[in-house]
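Note sheet for the following structure.
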2 protein chains.
Amino acid sequence: MKNFSIIDTTLREGEQCIDVNFFSQDRKEIAQALDDIGIEFIEMVSPKVSPQSQKDLKMIANMGLNAKILTHVRCQKDDINLALDCGVQGINLFIGASEFLQKYSIHKTVDQIIDLTSDVLSYAKGQSPDIILRFSTEDSFRSNHKDLIRIYSAIEQLGVVDRFGLADTVGIATPNEVTDLVSLLREITDKDIEFHAHNDTGCSIANSYNAIMAGATHIDTSVFGLGERNGITSLAGLIARIYSIDREYVKKKYNLLKLHQVHKLVQEKMKIHVSFNHFIFGSVAFSHKAGLHTNAIIQNPETYEILKPEDFGLHRTISVANKMVGIHVIEQRTKELGLKMNHDNLVELVKKIKNISDVEILNDDKLNQIIRDFSQSLSISKN
Amino acid sequence: MKNFSIIDTTLREGEQCIDVNFFSQDRKEIAQALDDIGIEFIEMVSPKVSPQSQKDLKMIANMGLNAKILTHVRCQKDDINLALDCGVQGINLFIGASEFLQKYSIHKTVDQIIDLTSDVLSYAKGQSPDIILRFSTEDSFRSNHKDLIRIYSAIEQLGVVDRFGLADTVGIATPNEVTDLVSLLREITDKDIEFHAHNDTGCSIANSYNAIMAGATHIDTSVFGLGERNGITSLAGLIARIYSIDREYVKKKYNLLKLHQVHKLVQEKMKIHVSFNHFIFGSVAFSHKAGLHTNAIIQNPETYEILKPEDFGLHRTISVANKMVGIHVIEQRTKELGLKMNHDNLVELVKKIKNISDVEILNDDKLNQIIRDFSQSLSISKN
């Protein structure tokens with residue numbers, strides 16, 4: 001696996017989710033929980049957003065976390081001054097580059113974009129030579145490649161930027177397009193490259209992975225993928241992706257047992273239901289149901305699991321109380337209940353369970369009762 | 001966009017989700033709703049699963065739907081006879097091919113796999129020459145390529161299979177690996193190719209897209225991506241992916257206005273909460289919050305939307321009652337309330353709203369009240 005760092009933006013992009021409103025204490029706890037995992041960078045909303053956002057940025061920048069604190073601001077000197085006053089370690093500057101954003105949002109030509117960003121970036125570095133400066137276009141994947149080459153080349157020449165960003169702001173990029181555009185930017189600069197992927201068309205994780213393989217050094221994530229519209233690259237999803245490729249790399253880099261805490265925290269703070277099928281922390285992520293699956297899983301979990309639940313402080317669920325159940329797991333359950341049955345009995349018992357589950361939803365207690373009743377009926381008929 | 005068909009497997013793979021228990025009436029309604037969209041194939045659980053599953057397969061195969069009804073069965077003659085008795089139009093046969101599954105699940109060598117599947121496939125075609133036969137390996141992406149080449153080449157030679165399948169049963173494949181393996185299978189056969197992707201590492205949609213581009217003709221989906229563990233390619237997610245590439249192709253192929261119905265139906269039947277950030281039908285999918293976004297969206301929705309909500313019978317939400325609000329949307333809201341303010345007033349009003357939302361969660365009613373109160377305070381101070 002190629003080396004990369006995570007910029008978690010739950011406290012910036014995440015706050016742009018319509019159902020999320022973090023207050024001061026929430027932000028503090030979430031930042032601490034991200035730091036506990038070993039996340040390298042935490043991005044927060046611009047201090048321009050509101051007075052409390054400004055205070056919280058200062059507070060978190062001064063918590064003494066290992067993670068570097070960044071803020072995401074417009075290409076305006078006022079915004080930069082405010083960010084520097086808060087004591088951040090890095091500033092993430094962005095400007096729209098697609099024709100849509102040039103026309104309807106920033107109202108600037110490519111030449112004007114270059115002039116403005118050059119001026120603002122130089123100003124920022126002049127004010128604070130140690131600040132980590134990032135420059136990113138917005139909507140990079142609907143932007144004209146010629147425009148992007150002109151903009152990034154001009155800013156690269158300026159020599160003040162530490163990291164360049166590409167953003168799939170509308171979630172349109174395909175994996176190959178990400179490979180191509182990151183590779184193109186890699187030709188323009190030797191500096192760090194950050195990639196930010198929205199998930200409108202379901203490719204944010206694949207795209208982030210392809211970005212790393214093409215030379216990106218930093219990937220933006222958020223807890224549960226929170227962000228504008230349906231969000232961005234999920235932190236747990238990216239971890240799952242990289243873990244499946246190089247388990248030891250991820251385990252060395254991050255404290256995976258601490259990953260659960262930030263998910264519990266955000267779930268609690270956002271007060272909405274997280275999906276049952278979210279990566280790693282969804283309720284069904286380590287569940288197994290069909291007979292062929294459960295029969296194999298009890299012999300060797302690697303047959304149907306590429307993520308080990310125990311590496312995340314979780315455990316698997318083997319569903320037995322359903323119509324898809326196989327004979328091996330019923331045999332195991334029977335033994336667990338201290339009962340003995342021969343093969344023919346087990347075949348008959350499985351049939352009985354399937355019949356019942358055709359018309360009612362079983363649970364473990366009901367299943368155990370069915371097994372006990374069946375066992376008793378066997379001993380009665382023997383007697 | 002390359003042409004392809006959807007095999008929706010909500011009624012097979014979807015039922016393997018631990019939180020899903022569909023009964024007879026549920027299956028009937030879901031099949032009808034999928035047919036209403038124009039989904040080409042509906043895959044159902046094996047009739048071996050339970051007596052009611054067998055009855056329901058027969059019932060749905062005889063509903064006269066446009067969609068072809070398939071069932072997913074093991075390589076066993078008994079299973080095939082039962083499937084044929086139900087009147088299905090196609091049988092999806094599968095067998096484990098990875099070393100894990102060879103060892104812990106099917107207990108067979110590659111030679112034995114070829115012998116068994118050749119025998120069973122020939123038997124099936126002999127019993128019913130018109131049946132659409134699919135042969136797929138399970139866990140194809142952890143299988144040895146040499147093994148796969150031997151198996152698929154042997155079955156291709158047999159000449160009885162209509163469609164070959166590749167399955168990423170454990171959700172490990174990367175987009176490039178999918179491109180490579182589908183391309184390899186394309187070298188072996190001119191027949192249809194089906195691709196089935198689990199989502200453990202978040203790449204199921206990107207992988208399905210890459211599969212189509214590499215020559216796959218059929219993609220497996222389920223509503224909300226329901227399936228074993230955290231599931232497979234989401235139907236809405238795949239539609240979003242393809243729509244963003246070729247809107248007219250998708251609109252001609254499927255009745256997108258009918259897509260909502262099957263999601264409502266499944267959400268109701270499964271009785272668990274679907275994610276707020278699911279593709280298209282999650283509650284936040286068409287929401288906009290940050291000031292820069294909302295300001296641009298009210299001028300032209302394409303600035304930050306690649307999916308048009310109205311194409312799916314939905315509408316967008318522009319969040320105004322929050323600390324990220326920009327001046328343009330507040331100006332618009334003020335006008336909607338029949339109030340007039342100059343620029344300085346608006347700047348002050350936005351400041352006030354941000355201050356309040358720093359400490360409490362606003363909603364539209366509260367926001368309107370703040371605006372009205374502020375307007376009144378202006379006219380009082382003028383008097």
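In the structure tokens, chains take letters A, B, ... by order of appearance, with residues numbered from 1 within each chain and ligands from 1 in the order shown.
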Skipping near chain neighbours, those fewer than 4 positions away, what residues fall within 9 Å of stretch 351-366 of chain B using only C-alpha atoms, listed as a ChimeraX atom specification? /A:21-24,49-53 /B:319-325,346-347,370-371,374
Please produce a file of the residues just selected, as a tab-separated table (two decimals), in the first residue's frame, where the atoms kept are N, CA, C and O atoms.
```tsv
chain	number	residue	atom	x	y	z
A	21	ASN	N	-25.86	19.47	13.41
A	21	ASN	CA	-25.57	20.75	14.07
A	21	ASN	C	-24.70	20.46	15.28
A	21	ASN	O	-25.20	20.05	16.32
A	22	PHE	N	-23.42	20.64	15.13
A	22	PHE	CA	-22.52	20.39	16.25
A	22	PHE	C	-22.35	21.67	17.06
A	22	PHE	O	-22.18	22.76	16.50
A	23	PHE	N	-22.37	21.54	18.38
A	23	PHE	CA	-22.09	22.67	19.25
A	23	PHE	C	-20.67	22.53	19.80
A	23	PHE	O	-19.96	21.57	19.47
A	24	SER	N	-20.30	23.49	20.63
A	24	SER	CA	-18.91	23.60	21.09
A	24	SER	C	-18.37	22.30	21.72
A	24	SER	O	-17.32	21.78	21.33
A	49	VAL	N	-17.80	31.37	9.62
A	49	VAL	CA	-19.15	30.79	9.64
A	49	VAL	C	-20.01	31.40	10.73
A	49	VAL	O	-21.17	31.73	10.52
A	50	SER	N	-19.43	31.55	11.92
A	50	SER	CA	-20.20	32.12	13.04
A	50	SER	C	-19.23	32.44	14.18
A	50	SER	O	-18.12	31.89	14.22
A	51	PRO	N	-19.63	33.28	15.12
A	51	PRO	CA	-18.73	33.62	16.23
A	51	PRO	C	-18.25	32.39	17.01
A	51	PRO	O	-17.08	32.27	17.35
A	52	GLN	N	-19.17	31.44	17.27
A	52	GLN	CA	-18.77	30.27	18.04
A	52	GLN	C	-17.82	29.38	17.24
A	52	GLN	O	-16.93	28.76	17.81
A	53	SER	N	-18.02	29.34	15.92
A	53	SER	CA	-17.12	28.55	15.07
A	53	SER	C	-15.70	29.08	15.21
A	53	SER	O	-14.73	28.31	15.23
B	319	SER	N	-31.41	24.34	2.92
B	319	SER	CA	-31.43	24.65	4.35
B	319	SER	C	-31.02	26.11	4.54
B	319	SER	O	-29.96	26.53	4.10
B	320	VAL	N	-31.87	26.85	5.19
B	320	VAL	CA	-31.59	28.27	5.41
B	320	VAL	C	-31.37	28.52	6.91
B	320	VAL	O	-30.61	29.41	7.30
B	321	ALA	N	-32.03	27.72	7.72
B	321	ALA	CA	-32.02	27.96	9.16
B	321	ALA	C	-30.80	27.35	9.84
B	321	ALA	O	-30.90	26.44	10.66
B	322	ASN	N	-29.62	27.84	9.50
B	322	ASN	CA	-28.39	27.31	10.12
B	322	ASN	C	-27.26	28.33	10.07
B	322	ASN	O	-27.34	29.31	9.34
B	323	LYS	N	-26.20	28.03	10.78
B	323	LYS	CA	-25.11	29.00	10.94
B	323	LYS	C	-24.27	29.20	9.68
B	323	LYS	O	-23.47	30.12	9.62
B	324	MET	N	-24.45	28.32	8.69
B	324	MET	CA	-23.66	28.46	7.45
B	324	MET	C	-24.36	29.31	6.41
B	324	MET	O	-23.88	29.46	5.29
B	325	VAL	N	-25.51	29.84	6.76
B	325	VAL	CA	-26.36	30.52	5.79
B	325	VAL	C	-25.63	31.71	5.16
B	325	VAL	O	-24.83	32.40	5.80
B	346	LEU	N	-29.45	43.39	5.83
B	346	LEU	CA	-29.30	41.95	5.58
B	346	LEU	C	-28.02	41.41	6.22
B	346	LEU	O	-28.02	40.32	6.81
B	347	VAL	N	-26.93	42.19	6.13
B	347	VAL	CA	-25.66	41.77	6.75
B	347	VAL	C	-25.86	41.59	8.25
B	347	VAL	O	-25.44	40.59	8.85
B	370	ILE	N	-37.46	35.04	13.58
B	370	ILE	CA	-36.29	35.90	13.78
B	370	ILE	C	-36.28	37.02	12.73
B	370	ILE	O	-36.05	38.18	13.04
B	371	ILE	N	-36.56	36.64	11.50
B	371	ILE	CA	-36.55	37.63	10.40
B	371	ILE	C	-37.65	38.68	10.61
B	371	ILE	O	-37.42	39.89	10.50
B	374	PHE	N	-36.75	40.93	13.51
B	374	PHE	CA	-35.67	41.85	13.12
B	374	PHE	C	-36.22	42.99	12.26
B	374	PHE	O	-35.90	44.16	12.47
```
Just need the residues of chain B within 7 Å of chain A, counting only C-alpha atoms, so spit them out as JSON, numbers by chain. {"B": [16, 17, 18, 21, 23, 49, 50, 51, 52, 100, 101, 104, 105, 170, 172, 175, 200, 201, 202, 203, 205, 206, 228, 229, 230, 237, 240, 241, 244, 273, 274, 275, 277, 278, 279, 284, 285, 286, 287, 288, 289, 290, 296, 299, 300, 303, 304, 305, 306, 319, 323, 324, 354, 355, 358, 359, 361]}
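Minimum atom-to-atom distances from A:Val182, A:Ala154, A:Val329, A:Leu349 to A:Ser377 were compared using only C-alpha atoms, and the lowest value belongs to A:Leu349.
Of the residues in stretch 140-175 of chain B, those that DSSP places in helix (DSSP H, G or I) on the basis of the backbone are Ser140, Phe141, Arg142, His145, Lys146, Asp147, Leu148, Ile149, Arg150, Ile151, Tyr152, Ser153, Ala154, Ile155, Glu156, Gln157, Leu158 and Pro175 of chain B.
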For the residues selected in the previous step, produce a file with all heavy atoms as a compact mmCIF listing (two decimals), in the first residue's frame.
```
# COMPACT_ATOMS: atom_id res chain seq x y z
N SER B 140 -14.96 -15.09 -6.82
CA SER B 140 -14.10 -15.12 -8.01
C SER B 140 -12.83 -14.30 -7.82
O SER B 140 -11.79 -14.61 -8.41
CB SER B 140 -14.86 -14.55 -9.22
OG SER B 140 -16.19 -15.02 -9.28
N PHE B 141 -12.90 -13.24 -6.99
CA PHE B 141 -11.76 -12.32 -6.90
C PHE B 141 -10.70 -12.76 -5.89
O PHE B 141 -9.67 -12.12 -5.78
CB PHE B 141 -12.25 -10.89 -6.67
CG PHE B 141 -12.93 -10.35 -7.90
CD1 PHE B 141 -14.27 -10.66 -8.17
CD2 PHE B 141 -12.23 -9.61 -8.83
CE1 PHE B 141 -14.88 -10.21 -9.33
CE2 PHE B 141 -12.83 -9.16 -9.99
CZ PHE B 141 -14.17 -9.46 -10.24
N ARG B 142 -10.96 -13.85 -5.16
CA ARG B 142 -9.90 -14.46 -4.37
C ARG B 142 -9.54 -15.83 -4.97
O ARG B 142 -8.91 -16.65 -4.33
CB ARG B 142 -10.32 -14.62 -2.89
CG ARG B 142 -10.37 -13.30 -2.14
CD ARG B 142 -10.47 -13.54 -0.63
NE ARG B 142 -11.63 -14.36 -0.30
CZ ARG B 142 -11.92 -14.77 0.93
NH1 ARG B 142 -11.12 -14.44 1.95
NH2 ARG B 142 -13.00 -15.50 1.15
N HIS B 145 -6.37 -17.26 -10.86
CA HIS B 145 -6.77 -17.02 -12.26
C HIS B 145 -6.63 -18.29 -13.12
O HIS B 145 -7.46 -18.54 -14.00
CB HIS B 145 -5.97 -15.87 -12.86
CG HIS B 145 -6.54 -14.53 -12.53
ND1 HIS B 145 -6.38 -13.42 -13.31
CD2 HIS B 145 -7.32 -14.12 -11.49
CE1 HIS B 145 -7.01 -12.39 -12.76
NE2 HIS B 145 -7.58 -12.79 -11.65
N LYS B 146 -5.61 -19.08 -12.84
CA LYS B 146 -5.44 -20.33 -13.62
C LYS B 146 -6.64 -21.25 -13.42
O LYS B 146 -7.15 -21.85 -14.36
CB LYS B 146 -4.17 -21.07 -13.17
CG LYS B 146 -2.91 -20.50 -13.77
CD LYS B 146 -1.72 -21.38 -13.37
CE LYS B 146 -0.42 -20.64 -13.73
NZ LYS B 146 0.74 -21.23 -13.06
N ASP B 147 -7.11 -21.34 -12.16
CA ASP B 147 -8.29 -22.17 -11.88
C ASP B 147 -9.50 -21.62 -12.63
O ASP B 147 -10.26 -22.38 -13.25
CB ASP B 147 -8.63 -22.14 -10.37
CG ASP B 147 -7.59 -22.87 -9.52
OD1 ASP B 147 -6.73 -23.55 -10.11
OD2 ASP B 147 -7.65 -22.74 -8.28
N LEU B 148 -9.67 -20.30 -12.56
CA LEU B 148 -10.84 -19.70 -13.22
C LEU B 148 -10.80 -19.93 -14.73
O LEU B 148 -11.81 -20.28 -15.34
CB LEU B 148 -10.89 -18.19 -12.94
CG LEU B 148 -11.18 -17.77 -11.49
CD1 LEU B 148 -11.21 -16.24 -11.39
CD2 LEU B 148 -12.50 -18.35 -10.99
N ILE B 149 -9.63 -19.76 -15.32
CA ILE B 149 -9.51 -19.96 -16.77
C ILE B 149 -9.88 -21.40 -17.13
O ILE B 149 -10.62 -21.66 -18.07
CB ILE B 149 -8.09 -19.60 -17.26
CG1 ILE B 149 -7.86 -18.08 -17.11
CG2 ILE B 149 -7.88 -20.03 -18.71
CD1 ILE B 149 -6.42 -17.63 -17.35
N ARG B 150 -9.38 -22.34 -16.33
CA ARG B 150 -9.70 -23.76 -16.61
C ARG B 150 -11.20 -24.01 -16.49
O ARG B 150 -11.80 -24.64 -17.36
CB ARG B 150 -8.96 -24.68 -15.63
CG ARG B 150 -7.46 -24.81 -15.93
CD ARG B 150 -6.81 -25.82 -15.00
NE ARG B 150 -7.45 -27.13 -15.09
CZ ARG B 150 -7.55 -27.98 -14.08
NH1 ARG B 150 -7.04 -27.68 -12.89
NH2 ARG B 150 -8.16 -29.14 -14.24
N ILE B 151 -11.79 -23.50 -15.42
CA ILE B 151 -13.22 -23.75 -15.19
C ILE B 151 -14.08 -23.11 -16.29
O ILE B 151 -14.88 -23.77 -16.94
CB ILE B 151 -13.65 -23.24 -13.79
CG1 ILE B 151 -12.93 -24.03 -12.69
CG2 ILE B 151 -15.17 -23.33 -13.62
CD1 ILE B 151 -13.09 -23.44 -11.28
N TYR B 152 -13.89 -21.80 -16.50
CA TYR B 152 -14.74 -21.11 -17.48
C TYR B 152 -14.53 -21.63 -18.91
O TYR B 152 -15.47 -21.74 -19.68
CB TYR B 152 -14.52 -19.59 -17.43
CG TYR B 152 -15.14 -18.94 -16.20
CD1 TYR B 152 -14.39 -18.59 -15.09
CD2 TYR B 152 -16.52 -18.68 -16.16
CE1 TYR B 152 -14.96 -18.01 -13.97
CE2 TYR B 152 -17.10 -18.09 -15.05
CZ TYR B 152 -16.32 -17.75 -13.95
OH TYR B 152 -16.90 -17.18 -12.85
N SER B 153 -13.27 -21.97 -19.24
CA SER B 153 -13.01 -22.49 -20.59
C SER B 153 -13.71 -23.83 -20.80
O SER B 153 -14.30 -24.08 -21.85
CB SER B 153 -11.50 -22.68 -20.82
OG SER B 153 -10.84 -21.45 -20.74
N ALA B 154 -13.65 -24.67 -19.78
CA ALA B 154 -14.29 -25.99 -19.88
C ALA B 154 -15.81 -25.83 -20.05
O ALA B 154 -16.43 -26.49 -20.89
CB ALA B 154 -13.97 -26.82 -18.64
N ILE B 155 -16.39 -24.92 -19.26
CA ILE B 155 -17.85 -24.75 -19.33
C ILE B 155 -18.25 -24.08 -20.64
O ILE B 155 -19.27 -24.42 -21.24
CB ILE B 155 -18.37 -23.94 -18.11
CG1 ILE B 155 -17.89 -24.54 -16.79
CG2 ILE B 155 -19.89 -23.84 -18.13
CD1 ILE B 155 -18.44 -25.89 -16.44
N GLU B 156 -17.42 -23.15 -21.11
CA GLU B 156 -17.69 -22.51 -22.41
C GLU B 156 -17.73 -23.57 -23.52
O GLU B 156 -18.62 -23.57 -24.37
CB GLU B 156 -16.62 -21.44 -22.68
CG GLU B 156 -16.49 -20.97 -24.12
CD GLU B 156 -17.66 -20.15 -24.63
OE1 GLU B 156 -18.51 -19.73 -23.80
OE2 GLU B 156 -17.75 -19.94 -25.85
N GLN B 157 -16.77 -24.50 -23.48
CA GLN B 157 -16.70 -25.58 -24.47
C GLN B 157 -17.95 -26.44 -24.48
O GLN B 157 -18.37 -26.96 -25.50
CB GLN B 157 -15.49 -26.49 -24.18
CG GLN B 157 -14.16 -25.93 -24.65
CD GLN B 157 -14.17 -25.63 -26.14
OE1 GLN B 157 -14.50 -26.49 -26.96
NE2 GLN B 157 -13.84 -24.40 -26.51
N LEU B 158 -18.53 -26.58 -23.30
CA LEU B 158 -19.73 -27.41 -23.13
C LEU B 158 -20.88 -26.90 -24.00
O LEU B 158 -21.71 -27.68 -24.49
CB LEU B 158 -20.12 -27.34 -21.65
CG LEU B 158 -20.90 -28.45 -21.01
CD1 LEU B 158 -20.08 -29.73 -21.02
CD2 LEU B 158 -21.23 -28.06 -19.56
N PRO B 175 -11.53 -1.50 -8.45
CA PRO B 175 -12.02 -1.26 -9.81
C PRO B 175 -11.10 -1.85 -10.89
O PRO B 175 -11.58 -2.47 -11.85
CB PRO B 175 -12.10 0.26 -9.89
CG PRO B 175 -12.35 0.70 -8.48
CD PRO B 175 -11.56 -0.25 -7.63
```
Nearby residues (only C-alpha atoms) at most 12 Å from B:Lys258, same-chain spacing under 4 positions excluded, as a list in words: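 My reading of the contact set: Ile30, Gln32, Ala33, Leu34, Asp35, Asp36, Ile37, Gly38, Ile39, Ala236, Lys251, Tyr254, Val262, His263, Lys264, Leu265, Asp311, Phe312, Gly313 and Leu314 of chain B.
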If you measure from atom CA of A:Gly338 to atom CA of A:Glu310, what distance in Å do you get, rounded to one decimal?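 Taking atom CA of A:Gly338 and atom CA of A:Glu310, their separation equals 27.6 Å.
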Could you pull out all residues of stretch 58-279 of chain A with a DSSP call of strand (DSSP E or B) and give them as a ChimeraX atom specification? /A:68-74,90-96,132-138,163-168,192-198,218-222,232,234
Point-to-point distance from atom CA of A:Val88 to atom CA of A:Ile69, Å rounded to tenths: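 Computing the Euclidean distance for atom CA of A:Val88 and atom CA of A:Ile69 yields 5.5 Å.
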Which value, in Å to one decimal, gives the distance between atom CA of A:Leu70 and atom CA of A:Ile91?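 So the two atoms, atom CA of A:Leu70 and atom CA of A:Ile91, lie 5.4 Å apart.
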List the neighbours of stretch 124-130 of chain B out to 9 Å using only C-alpha atoms; skip same-chain residues closer than 6 positions along the sequence, and give me the result as a list of chain:residue names.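 Final neighbour list, sorted by chain and number: B:Lys77, B:Ile80, B:Asn81, B:Leu84, B:Gln89, B:Gly90, B:Ile91, B:Val160, B:Val161.
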